[in-house]
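Just data.pdb here, PDB, C-alpha atoms and all ligand atoms:
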```pdb
ATOM      1  CA  MET A  24      30.277 170.122 110.910
ATOM      2  CA  ALA A  25      31.279 173.784 110.555
ATOM      3  CA  LEU A  26      31.778 175.904 107.456
ATOM      4  CA  VAL A  27      33.986 178.542 109.025
ATOM      5  CA  THR A  28      33.453 182.183 108.081
ATOM      6  CA  ALA A  29      34.349 185.549 109.677
ATOM      7  CA  THR A  30      32.313 188.276 111.341
ATOM      8  CA  ALA A  31      33.653 190.702 108.745
ATOM      9  CA  ALA A  32      32.500 188.392 105.941
ATOM     10  CA  LEU A  33      28.919 187.845 107.161
ATOM     11  CA  GLY A  34      26.466 188.186 104.288
ATOM     12  CA  THR A  35      29.194 188.285 101.633
ATOM     13  CA  ASP A  36      30.011 184.596 100.986
ATOM     14  CA  GLU A  37      27.782 183.647  98.054
ATOM     15  CA  ASP A  38      28.885 180.004  98.226
ATOM     16  CA  LEU A  39      27.792 179.547 101.828
ATOM     17  CA  GLN A  40      24.040 179.000 101.445
ATOM     18  CA  PRO A  41      24.407 176.650  98.430
ATOM     19  CA  LEU A  42      26.958 174.637 100.438
ATOM     20  CA  LEU A  43      24.721 174.486 103.530
ATOM     21  CA  ASP A  44      21.799 173.389 101.303
ATOM     22  CA  ALA A  45      23.857 170.727  99.531
ATOM     23  CA  LEU A  46      25.248 169.361 102.811
ATOM     24  CA  ASP A  47      21.736 169.247 104.257
ATOM     25  CA  HIS A  48      20.557 167.421 101.148
ATOM     26  CA  HIS A  49      23.281 164.828 101.767
ATOM     27  CA  GLY A  50      22.174 164.434 105.386
ATOM     28  CA  ILE A  51      25.112 166.384 106.830
ATOM     29  CA  THR A  52      24.257 168.873 109.558
ATOM     30  CA  ALA A  53      26.279 172.034 109.083
ATOM     31  CA  SER A  54      26.420 175.554 110.476
ATOM     32  CA  ALA A  55      28.587 178.578 109.725
ATOM     33  CA  PRO A  56      30.392 179.887 112.825
ATOM     34  CA  CYS A  57      32.835 182.801 112.672
ATOM     35  CA  TRP A  58      36.483 182.081 113.418
ATOM     36  CA  ASP A  59      36.674 185.301 115.441
ATOM     37  CA  ASP A  60      33.622 184.518 117.613
ATOM     38  CA  GLY A  61      35.188 183.602 120.949
ATOM     39  CA  ASP A  62      32.021 181.805 122.102
ATOM     40  CA  VAL A  63      32.111 178.960 119.558
ATOM     41  CA  ALA A  64      32.524 175.470 121.073
ATOM     42  CA  TRP A  65      34.805 174.079 118.375
ATOM     43  CA  ASP A  66      35.104 170.682 120.061
ATOM     44  CA  ALA A  67      31.385 170.157 119.453
ATOM     45  CA  PHE A  68      32.030 169.796 115.695
ATOM     46  CA  ASP A  69      33.242 166.633 113.968
ATOM     47  CA  LEU A  70      34.892 168.721 111.240
ATOM     48  CA  ALA A  71      35.651 172.402 110.600
ATOM     49  CA  VAL A  72      36.092 173.411 106.977
ATOM     50  CA  LEU A  73      37.569 176.868 106.392
ATOM     51  CA  ARG A  74      35.397 178.710 103.903
ATOM     52  CA  SER A  75      35.322 182.499 104.166
ATOM     53  CA  THR A  76      37.780 183.589 106.847
ATOM     54  CA  TRP A  77      38.473 186.534 104.593
ATOM     55  CA  ASP A  78      39.842 189.052 107.097
ATOM     56  CA  TYR A  79      42.875 186.877 107.827
ATOM     57  CA  VAL A  80      45.316 189.198 106.041
ATOM     58  CA  PRO A  81      45.150 192.191 108.423
ATOM     59  CA  ARG A  82      44.778 189.749 111.359
ATOM     60  CA  TYR A  83      47.334 187.193 110.176
ATOM     61  CA  GLU A  84      49.113 186.332 113.437
ATOM     62  CA  GLU A  85      45.840 186.303 115.370
ATOM     63  CA  PHE A  86      44.268 184.080 112.714
ATOM     64  CA  LEU A  87      47.152 181.591 112.760
ATOM     65  CA  ARG A  88      47.025 181.438 116.566
ATOM     66  CA  TRP A  89      43.289 180.698 116.366
ATOM     67  CA  LEU A  90      43.928 178.088 113.693
ATOM     68  CA  ASP A  91      46.568 176.252 115.742
ATOM     69  CA  ALA A  92      44.411 176.363 118.880
ATOM     70  CA  THR A  93      41.321 175.184 117.002
ATOM     71  CA  GLU A  94      43.184 172.336 115.363
ATOM     72  CA  GLU A  95      43.802 171.019 118.883
ATOM     73  CA  ARG A  96      40.042 170.776 119.360
ATOM     74  CA  VAL A  97      38.619 169.718 116.019
ATOM     75  CA  ARG A  98      39.792 168.388 112.683
ATOM     76  CA  VAL A  99      40.339 171.397 110.395
ATOM     77  CA  LEU A 100      40.448 171.244 106.595
ATOM     78  CA  ASN A 101      42.490 172.166 104.849
ATOM     79  CA  PRO A 102      44.954 171.676 107.747
ATOM     80  CA  ALA A 103      46.926 174.512 109.335
ATOM     81  CA  THR A 104      50.204 173.504 107.664
ATOM     82  CA  VAL A 105      48.558 173.807 104.260
ATOM     83  CA  VAL A 106      46.874 177.087 105.196
ATOM     84  CA  ARG A 107      50.195 178.572 106.362
ATOM     85  CA  TRP A 108      51.880 177.544 103.120
ATOM     86  CA  SER A 109      49.164 178.738 100.773
ATOM     87  CA  THR A 110      48.465 182.113 102.387
ATOM     88  CA  ASP A 111      52.007 183.311 101.661
ATOM     89  CA  LYS A 112      52.577 183.660  97.929
ATOM     90  CA  ARG A 113      56.250 182.773  98.352
ATOM     91  CA  TYR A 114      54.911 179.240  97.700
ATOM     92  CA  LEU A 115      55.296 180.158  94.013
ATOM     93  CA  THR A 116      59.011 179.459  94.474
ATOM     94  CA  ASP A 117      58.210 175.947  95.775
ATOM     95  CA  LEU A 118      55.850 175.258  92.890
ATOM     96  CA  ALA A 119      58.408 176.471  90.330
ATOM     97  CA  ALA A 120      61.025 174.175  91.924
ATOM     98  CA  ARG A 121      58.551 171.299  91.472
ATOM     99  CA  GLY A 122      58.282 172.062  87.757
ATOM    100  CA  VAL A 123      55.013 174.012  87.757
ATOM    101  CA  PRO A 124      54.930 176.972  85.347
ATOM    102  CA  VAL A 125      54.337 180.087  87.468
ATOM    103  CA  VAL A 126      54.205 183.821  86.739
ATOM    104  CA  PRO A 127      57.807 185.083  87.039
ATOM    105  CA  THR A 128      58.132 186.753  90.418
ATOM    106  CA  GLU A 129      60.743 188.751  92.301
ATOM    107  CA  PHE A 130      60.476 188.879  96.107
ATOM    108  CA  PHE A 131      61.570 191.621  98.516
ATOM    109  CA  GLU A 132      61.893 191.240 102.283
ATOM    110  CA  PRO A 133      61.724 193.983 104.932
ATOM    111  CA  GLY A 134      65.283 194.801 105.949
ATOM    112  CA  GLY A 135      66.637 193.385 102.704
ATOM    113  CA  PRO A 136      68.302 195.275  99.855
ATOM    114  CA  PRO A 137      66.201 198.116  98.389
ATOM    115  CA  PRO A 138      64.238 197.303  95.240
ATOM    116  CA  GLN A 139      65.789 198.169  91.905
ATOM    117  CA  LEU A 140      63.154 197.460  89.308
ATOM    118  CA  SER A 141      63.680 197.576  85.597
ATOM    119  CA  GLY A 142      60.996 199.061  83.401
ATOM    120  CA  ASP A 143      62.351 197.222  80.355
ATOM    121  CA  ALA A 144      59.961 194.305  80.737
ATOM    122  CA  GLY A 145      56.904 196.573  80.514
ATOM    123  CA  GLU A 146      54.219 197.079  83.130
ATOM    124  CA  LEU A 147      54.750 195.775  86.666
ATOM    125  CA  VAL A 148      52.412 194.428  89.340
ATOM    126  CA  VAL A 149      53.258 194.964  93.012
ATOM    127  CA  LYS A 150      51.519 193.033  95.806
ATOM    128  CA  PRO A 151      52.238 191.904  99.360
ATOM    129  CA  VAL A 152      53.123 188.183  99.585
ATOM    130  CA  ILE A 153      50.306 187.827 102.116
ATOM    131  CA  SER A 154      47.335 189.413 100.425
ATOM    132  CA  ALA A 155      43.828 188.688  99.196
ATOM    133  CA  GLY A 156      41.065 190.394  97.286
ATOM    134  CA  SER A 157      43.587 192.454  95.263
ATOM    135  CA  LYS A 158      44.143 194.618  98.344
ATOM    136  CA  ASP A 159      47.387 196.651  98.259
ATOM    137  CA  THR A 160      47.927 195.317  94.722
ATOM    138  CA  ALA A 161      48.610 197.721  91.847
ATOM    139  CA  ARG A 162      49.795 197.835  88.241
ATOM    140  CA  TYR A 163      52.388 200.358  87.115
ATOM    141  CA  SER A 164      53.662 201.676  83.798
ATOM    142  CA  ASP A 165      56.580 203.326  85.602
ATOM    143  CA  ALA A 166      59.224 201.259  87.428
ATOM    144  CA  ARG A 167      60.047 204.135  89.829
ATOM    145  CA  ALA A 168      56.396 204.360  90.931
ATOM    146  CA  ALA A 169      56.363 200.563  91.383
ATOM    147  CA  GLU A 170      59.535 200.803  93.506
ATOM    148  CA  GLN A 171      57.872 203.431  95.673
ATOM    149  CA  HIS A 172      54.953 201.082  96.323
ATOM    150  CA  VAL A 173      57.390 198.280  97.232
ATOM    151  CA  ILE A 174      59.226 200.602  99.634
ATOM    152  CA  THR A 175      55.963 201.708 101.287
ATOM    153  CA  LEU A 176      54.881 198.097 101.890
ATOM    154  CA  LEU A 177      58.344 197.048 103.131
ATOM    155  CA  ALA A 178      58.280 199.957 105.595
ATOM    156  CA  LYS A 179      55.079 198.458 107.025
ATOM    157  CA  GLY A 180      56.970 195.215 107.631
ATOM    158  CA  ARG A 181      55.359 193.369 104.735
ATOM    159  CA  ALA A 182      57.263 191.138 102.325
ATOM    160  CA  VAL A 183      56.480 192.109  98.743
ATOM    161  CA  MET A 184      56.426 190.545  95.298
ATOM    162  CA  VAL A 185      56.768 192.082  91.857
ATOM    163  CA  GLN A 186      55.631 190.474  88.607
ATOM    164  CA  PRO A 187      55.429 191.551  85.009
ATOM    165  CA  TYR A 188      51.832 192.382  84.102
ATOM    166  CA  MET A 189      50.558 189.383  82.141
ATOM    167  CA  GLY A 190      48.785 191.217  79.309
ATOM    168  CA  GLY A 191      47.051 188.073  78.047
ATOM    169  CA  ILE A 192      44.610 188.481  80.944
ATOM    170  CA  ASP A 193      43.132 191.526  79.180
ATOM    171  CA  THR A 194      41.547 189.362  76.491
ATOM    172  CA  HIS A 195      41.499 185.811  77.880
ATOM    173  CA  GLY A 196      40.841 186.730  81.514
ATOM    174  CA  GLU A 197      41.997 184.665  84.487
ATOM    175  CA  THR A 198      40.925 181.010  84.741
ATOM    176  CA  GLY A 199      40.101 179.579  88.156
ATOM    177  CA  LEU A 200      40.038 175.777  88.432
ATOM    178  CA  VAL A 201      38.222 174.391  91.468
ATOM    179  CA  PHE A 202      39.218 170.957  92.764
ATOM    180  CA  PHE A 203      37.373 168.836  95.332
ATOM    181  CA  ASP A 204      39.313 165.876  96.694
ATOM    182  CA  GLY A 205      41.919 166.263  93.954
ATOM    183  CA  ASP A 206      39.422 166.160  91.077
ATOM    184  CA  LEU A 207      38.479 169.116  88.908
ATOM    185  CA  SER A 208      34.927 170.181  89.764
ATOM    186  CA  HIS A 209      34.541 173.241  87.548
ATOM    187  CA  ALA A 210      36.205 176.346  86.215
ATOM    188  CA  PHE A 211      35.331 180.023  85.960
ATOM    189  CA  ARG A 212      36.638 183.099  84.231
ATOM    190  CA  LYS A 213      37.538 186.183  86.223
ATOM    191  CA  ALA A 214      37.806 189.425  84.247
ATOM    192  CA  PRO A 215      41.034 191.448  84.620
ATOM    193  CA  ILE A 216      40.981 193.604  87.752
ATOM    194  CA  LEU A 217      43.964 195.959  87.736
ATOM    195  CA  ALA A 218      43.612 199.288  85.925
ATOM    196  CA  LEU A 219      46.927 200.790  84.834
ATOM    197  CA  ASP A 220      48.432 203.286  87.295
ATOM    198  CA  ALA A 221      45.304 203.222  89.480
ATOM    199  CA  PRO A 222      45.623 203.127  93.279
ATOM    200  CA  PRO A 223      44.902 199.775  95.023
ATOM    201  CA  THR A 224      41.276 199.091  95.921
ATOM    202  CA  ALA A 225      40.021 200.887  99.012
ATOM    203  CA  GLU A 226      37.355 198.187  99.529
ATOM    204  CA  PHE A 227      37.573 194.974 101.581
ATOM    205  CA  PHE A 228      37.801 193.264  98.172
ATOM    206  CA  ALA A 229      38.117 194.586  94.625
ATOM    207  CA  PRO A 230      34.893 193.859  92.699
ATOM    208  CA  GLU A 231      35.164 190.736  90.548
ATOM    209  CA  GLU A 232      33.375 189.903  87.316
ATOM    210  CA  ILE A 233      32.878 186.128  87.043
ATOM    211  CA  THR A 234      31.521 183.992  84.214
ATOM    212  CA  ALA A 235      31.416 180.241  83.599
ATOM    213  CA  ARG A 236      34.414 178.839  81.722
ATOM    214  CA  GLU A 237      35.331 175.635  79.920
ATOM    215  CA  PRO A 238      39.079 175.329  80.592
ATOM    216  CA  THR A 239      41.458 174.657  77.693
ATOM    217  CA  ALA A 240      43.401 171.377  77.592
ATOM    218  CA  ASP A 241      46.566 173.289  78.590
ATOM    219  CA  GLU A 242      44.780 174.885  81.536
ATOM    220  CA  ARG A 243      43.565 171.493  82.743
ATOM    221  CA  LYS A 244      47.070 170.103  82.430
ATOM    222  CA  VAL A 245      48.671 172.906  84.432
ATOM    223  CA  GLY A 246      45.827 172.809  86.977
ATOM    224  CA  ASP A 247      46.284 169.070  87.548
ATOM    225  CA  ALA A 248      50.081 169.434  87.735
ATOM    226  CA  THR A 249      49.691 172.223  90.293
ATOM    227  CA  ILE A 250      47.372 170.246  92.573
ATOM    228  CA  ALA A 251      49.710 167.258  92.238
ATOM    229  CA  ALA A 252      52.606 169.497  93.336
ATOM    230  CA  CYS A 253      50.761 170.530  96.508
ATOM    231  CA  GLU A 254      50.308 168.437  99.646
ATOM    232  CA  PRO A 255      48.242 165.314  98.878
ATOM    233  CA  GLY A 256      44.781 164.797 100.332
ATOM    234  CA  LEU A 257      43.422 168.345 100.045
ATOM    235  CA  LEU A 258      39.669 168.630 100.592
ATOM    236  CA  TYR A 259      39.581 171.513  98.161
ATOM    237  CA  GLY A 260      41.900 173.689  96.148
ATOM    238  CA  ARG A 261      41.694 176.406  93.562
ATOM    239  CA  VAL A 262      44.324 177.091  90.930
ATOM    240  CA  ASP A 263      44.223 180.497  89.215
ATOM    241  CA  LEU A 264      45.886 180.744  85.824
ATOM    242  CA  VAL A 265      46.728 183.560  83.439
ATOM    243  CA  PRO A 266      48.156 183.316  79.916
ATOM    244  CA  GLY A 267      51.924 183.823  79.821
ATOM    245  CA  PRO A 268      53.761 185.704  77.058
ATOM    246  CA  ASP A 269      53.515 182.682  74.726
ATOM    247  CA  GLY A 270      49.832 182.183  75.543
ATOM    248  CA  LEU A 271      50.444 179.080  77.675
ATOM    249  CA  PRO A 272      48.923 179.115  81.180
ATOM    250  CA  LEU A 273      50.982 180.198  84.182
ATOM    251  CA  VAL A 274      49.971 179.868  87.834
ATOM    252  CA  LEU A 275      49.082 183.244  89.340
ATOM    253  CA  GLU A 276      47.864 181.895  92.631
ATOM    254  CA  VAL A 277      46.911 178.660  94.476
ATOM    255  CA  GLU A 278      44.135 179.022  97.016
ATOM    256  CA  LEU A 279      44.003 176.267  99.609
ATOM    257  CA  ALA A 280      42.705 178.253 102.578
ATOM    258  CA  GLU A 281      39.444 180.063 101.825
ATOM    259  CA  PRO A 282      38.841 180.308  98.082
ATOM    260  CA  SER A 283      35.530 181.409  96.625
ATOM    261  CA  PHE A 284      34.234 178.485  94.574
ATOM    262  CA  PHE A 285      31.741 180.545  92.509
ATOM    263  CA  LEU A 286      29.337 177.597  92.710
ATOM    264  CA  ALA A 287      26.520 179.576  91.108
ATOM    265  CA  TYR A 288      28.328 179.338  87.758
ATOM    266  CA  ALA A 289      28.679 175.553  87.888
ATOM    267  CA  PRO A 290      25.539 173.424  88.278
ATOM    268  CA  GLY A 291      26.143 170.373  90.477
ATOM    269  CA  SER A 292      29.315 171.750  92.042
ATOM    270  CA  ALA A 293      27.827 172.240  95.539
ATOM    271  CA  ASP A 294      26.755 168.571  95.462
ATOM    272  CA  ARG A 295      30.263 167.488  94.517
ATOM    273  CA  PHE A 296      31.598 169.407  97.504
ATOM    274  CA  ALA A 297      29.040 167.757  99.795
ATOM    275  CA  VAL A 298      30.125 164.333  98.525
ATOM    276  CA  ALA A 299      33.777 165.202  99.248
ATOM    277  CA  VAL A 300      32.867 166.343 102.770
ATOM    278  CA  GLY A 301      30.720 163.248 103.286
ATOM    279  CA  ALA A 302      33.692 161.036 102.442
ATOM    280  CA  ARG A 303      35.748 162.809 105.148
ATOM    281  CA  LEU A 304      32.971 162.138 107.631
ATOM    282  CA  GLY A 305      32.936 158.462 106.717
ATOM    283  CA  ARG A 306      29.581 158.648 104.909
TER
HETATM  284  N1  LIG B 401      51.164 189.511  87.185
HETATM  285  C1  LIG B 401      49.889 189.848  86.944
HETATM  286  N2  LIG B 401      49.478 190.091  85.683
HETATM  287  C2  LIG B 401      48.183 190.448  85.431
HETATM  288  N3  LIG B 401      47.251 190.624  86.399
HETATM  289  C3  LIG B 401      47.620 190.404  87.673
HETATM  290  C4  LIG B 401      48.943 189.989  88.015
HETATM  291  N4  LIG B 401      48.993 189.830  89.355
HETATM  292  C5  LIG B 401      47.770 190.121  89.826
HETATM  293  N5  LIG B 401      46.932 190.475  88.817
HETATM  294  C6  LIG B 401      45.528 190.876  88.951
HETATM  295  O1  LIG B 401      45.292 191.200  90.298
HETATM  296  C7  LIG B 401      44.318 190.324  90.877
HETATM  297  C8  LIG B 401      44.734 189.955  92.310
HETATM  298  O2  LIG B 401      45.998 189.302  92.314
HETATM  299  P1  LIG B 401      46.205 187.854  92.875
HETATM  300  O3  LIG B 401      47.605 187.454  92.586
HETATM  301  O4  LIG B 401      45.125 186.965  92.356
HETATM  302  O5  LIG B 401      46.077 188.036  94.448
HETATM  303  P2  LIG B 401      44.810 187.990  95.445
HETATM  304  O6  LIG B 401      43.630 187.432  94.678
HETATM  305  O7  LIG B 401      45.260 187.069  96.528
HETATM  306  O8  LIG B 401      44.618 189.399  95.891
HETATM  307  C9  LIG B 401      44.242 189.139  89.921
HETATM  308  O9  LIG B 401      42.936 188.571  89.968
HETATM  309  C10 LIG B 401      44.556 189.773  88.573
HETATM  310  O10 LIG B 401      43.416 190.385  87.990
HETATM  311 MG    MG B 402      43.437 186.072  93.193
END
```

I need this file expressed as structure tokens, please.
Ligand SMILES: Nc1ncnc2c1ncn2[C@@H]1O[C@H](COP(=O)(O)OP(=O)(O)O)[C@@H](O)[C@H]1O
Ligand SMILES: [Mg+2]
Amino acid sequence: MALVTATAALGTDEDLQPLLDALDHHGITASAPCWDDGDVAWDAFDLAVLRSTWDYVPRYEEFLRWLDATEERVRVLNPATVVRWSTDKRYLTDLAARGVPVVPTEFFEPGGPPPQLSGDAGELVVKPVISAGSKDTARYSDARAAEQHVITLLAKGRAVMVQPYMGGIDTHGETGLVFFDGDLSHAFRKAPILALDAPPTAEFFAPEEITAREPTADERKVGDATIAACEPGLLYGRVDLVPGPDGLPLVLEVELAEPSFFLAYAPGSADRFAVAVGARLGR
């Protein structure tokens, strides 16, 4: 089987070696080809699991074309329909409609009416709907400056979303819940990333500070409800939560395409993933 990465991500996926080791331990032969390596014989694999195809944002159309073509040749997990849905944060609207508590979000489309943001609600976060690694994402004290960022992204043809800054993240952090085959494997805490009125990261990814986390009962509940609201049968999924104004968890993001699992913070988690993969291979 293949754990699919990207040329641009080589050497940066800290989960990859632990996953390869765990799969090997479970008698599953795995390698880590790059999605953008044109020489890979995808039909030679019995399964291709997307893991660190992290340059998909600037190469979105090219990536989706590769994904569709590859799905013709090998079973891909999570499947292309799920990847399409979960790489465009407009899915928050779907989740909200299914009763999942999500961070309140306003969306703006290129060619649509110009943004008129109110500063009354406090600080604002602006990000493209298709984004990863906090790229092009920034936090503003001033609604006019936030509007300017929206306008700049729209002019580049990118749909944009605006959220109130969830201040609870400053103390509690963000909680990531990692699910394998629908079951919670482990959780982690990610420290807040966005400095007020600072420009978006110039790196491939903003640096992240991760620690192990025991999720609260409310976080588990919202995590389970979120996975239940997504397509059934996911090999893996990650639900990222932040405290809302009343302290209760809200979904910031659902990662079903290429989430970091942060396995190093959760003993046994790589084995749980290998078991989930083994089940897909009929082991
Ligand atoms: N509404 C928000 N309130 C507080 N922090 C936010 C908000 N939106 C994003 N962030 C911060 O920005 C980071 C990146 O945003 P996120 O929505 O996770 O997109 P991605 O990880 O796909 O770039 C988060 O990890 C969090 O630290
Ligand atoms: Mg995120």

### Message
Just want the residues within 9 Å of ligand MG 402 (chain B), written as a ChimeraX atom specification, counting only C-alpha atoms and all ligand atoms.
### Response
/A:154-157,197,199,263,275-278,282

Exactly which residues make up the result of the PyMOL selection byres (((chain A and resi 240-254) around 9) and not hetatm) on this file, given as a PDB file with C-alpha atoms, in the coordinates of the input?
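Writing the result to selection_3.pdb gives the following:
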```pdb
ATOM      1  CA  VAL A 105      48.558 173.807 104.260  1.00  0.00           C
ATOM      2  CA  ASP A 117      58.210 175.947  95.775  1.00  0.00           C
ATOM      3  CA  LEU A 118      55.850 175.258  92.890  1.00  0.00           C
ATOM      4  CA  ARG A 121      58.551 171.299  91.472  1.00  0.00           C
ATOM      5  CA  GLY A 122      58.282 172.062  87.757  1.00  0.00           C
ATOM      6  CA  VAL A 123      55.013 174.012  87.757  1.00  0.00           C
ATOM      7  CA  PRO A 124      54.930 176.972  85.347  1.00  0.00           C
ATOM      8  CA  THR A 198      40.925 181.010  84.741  1.00  0.00           C
ATOM      9  CA  GLY A 199      40.101 179.579  88.156  1.00  0.00           C
ATOM     10  CA  LEU A 200      40.038 175.777  88.432  1.00  0.00           C
ATOM     11  CA  VAL A 201      38.222 174.391  91.468  1.00  0.00           C
ATOM     12  CA  PHE A 202      39.218 170.957  92.764  1.00  0.00           C
ATOM     13  CA  GLY A 205      41.919 166.263  93.954  1.00  0.00           C
ATOM     14  CA  ASP A 206      39.422 166.160  91.077  1.00  0.00           C
ATOM     15  CA  LEU A 207      38.479 169.116  88.908  1.00  0.00           C
ATOM     16  CA  PRO A 238      39.079 175.329  80.592  1.00  0.00           C
ATOM     17  CA  THR A 239      41.458 174.657  77.693  1.00  0.00           C
ATOM     18  CA  PRO A 255      48.242 165.314  98.878  1.00  0.00           C
ATOM     19  CA  GLY A 256      44.781 164.797 100.332  1.00  0.00           C
ATOM     20  CA  LEU A 257      43.422 168.345 100.045  1.00  0.00           C
ATOM     21  CA  GLY A 260      41.900 173.689  96.148  1.00  0.00           C
ATOM     22  CA  ARG A 261      41.694 176.406  93.562  1.00  0.00           C
ATOM     23  CA  VAL A 262      44.324 177.091  90.930  1.00  0.00           C
ATOM     24  CA  ASP A 263      44.223 180.497  89.215  1.00  0.00           C
ATOM     25  CA  LEU A 264      45.886 180.744  85.824  1.00  0.00           C
ATOM     26  CA  LEU A 271      50.444 179.080  77.675  1.00  0.00           C
ATOM     27  CA  PRO A 272      48.923 179.115  81.180  1.00  0.00           C
ATOM     28  CA  LEU A 273      50.982 180.198  84.182  1.00  0.00           C
ATOM     29  CA  VAL A 274      49.971 179.868  87.834  1.00  0.00           C
ATOM     30  CA  VAL A 277      46.911 178.660  94.476  1.00  0.00           C
TER      31      VAL A 277
END
```

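If you measure from each of A:Pro215, A:Gly267, A:Gly305, A:Pro230 to ligand LIG 401 (chain B) using all atoms listed in the file, the closest one turns out to be A:Pro215.
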
#### Entry: Answer key for the PyMOL selection byres (((chain A and resi 66) around 6) and not hetatm), residues as a list in words
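Evaluating the PyMOL selection byres (((chain A and resi 66) around 6) and not hetatm) on these coordinates yields Ala64, Trp65, Ala67, Phe68, Arg96 and Val97 of chain A.
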
### Query
Where does the PyMOL selection byres (((chain A and resi 135) around 12) and not hetatm) land in this file, that is, which residues does it pick, as number ranges by chain?
A: 130-134, 136-139, 173-174, 177-178, 180-183
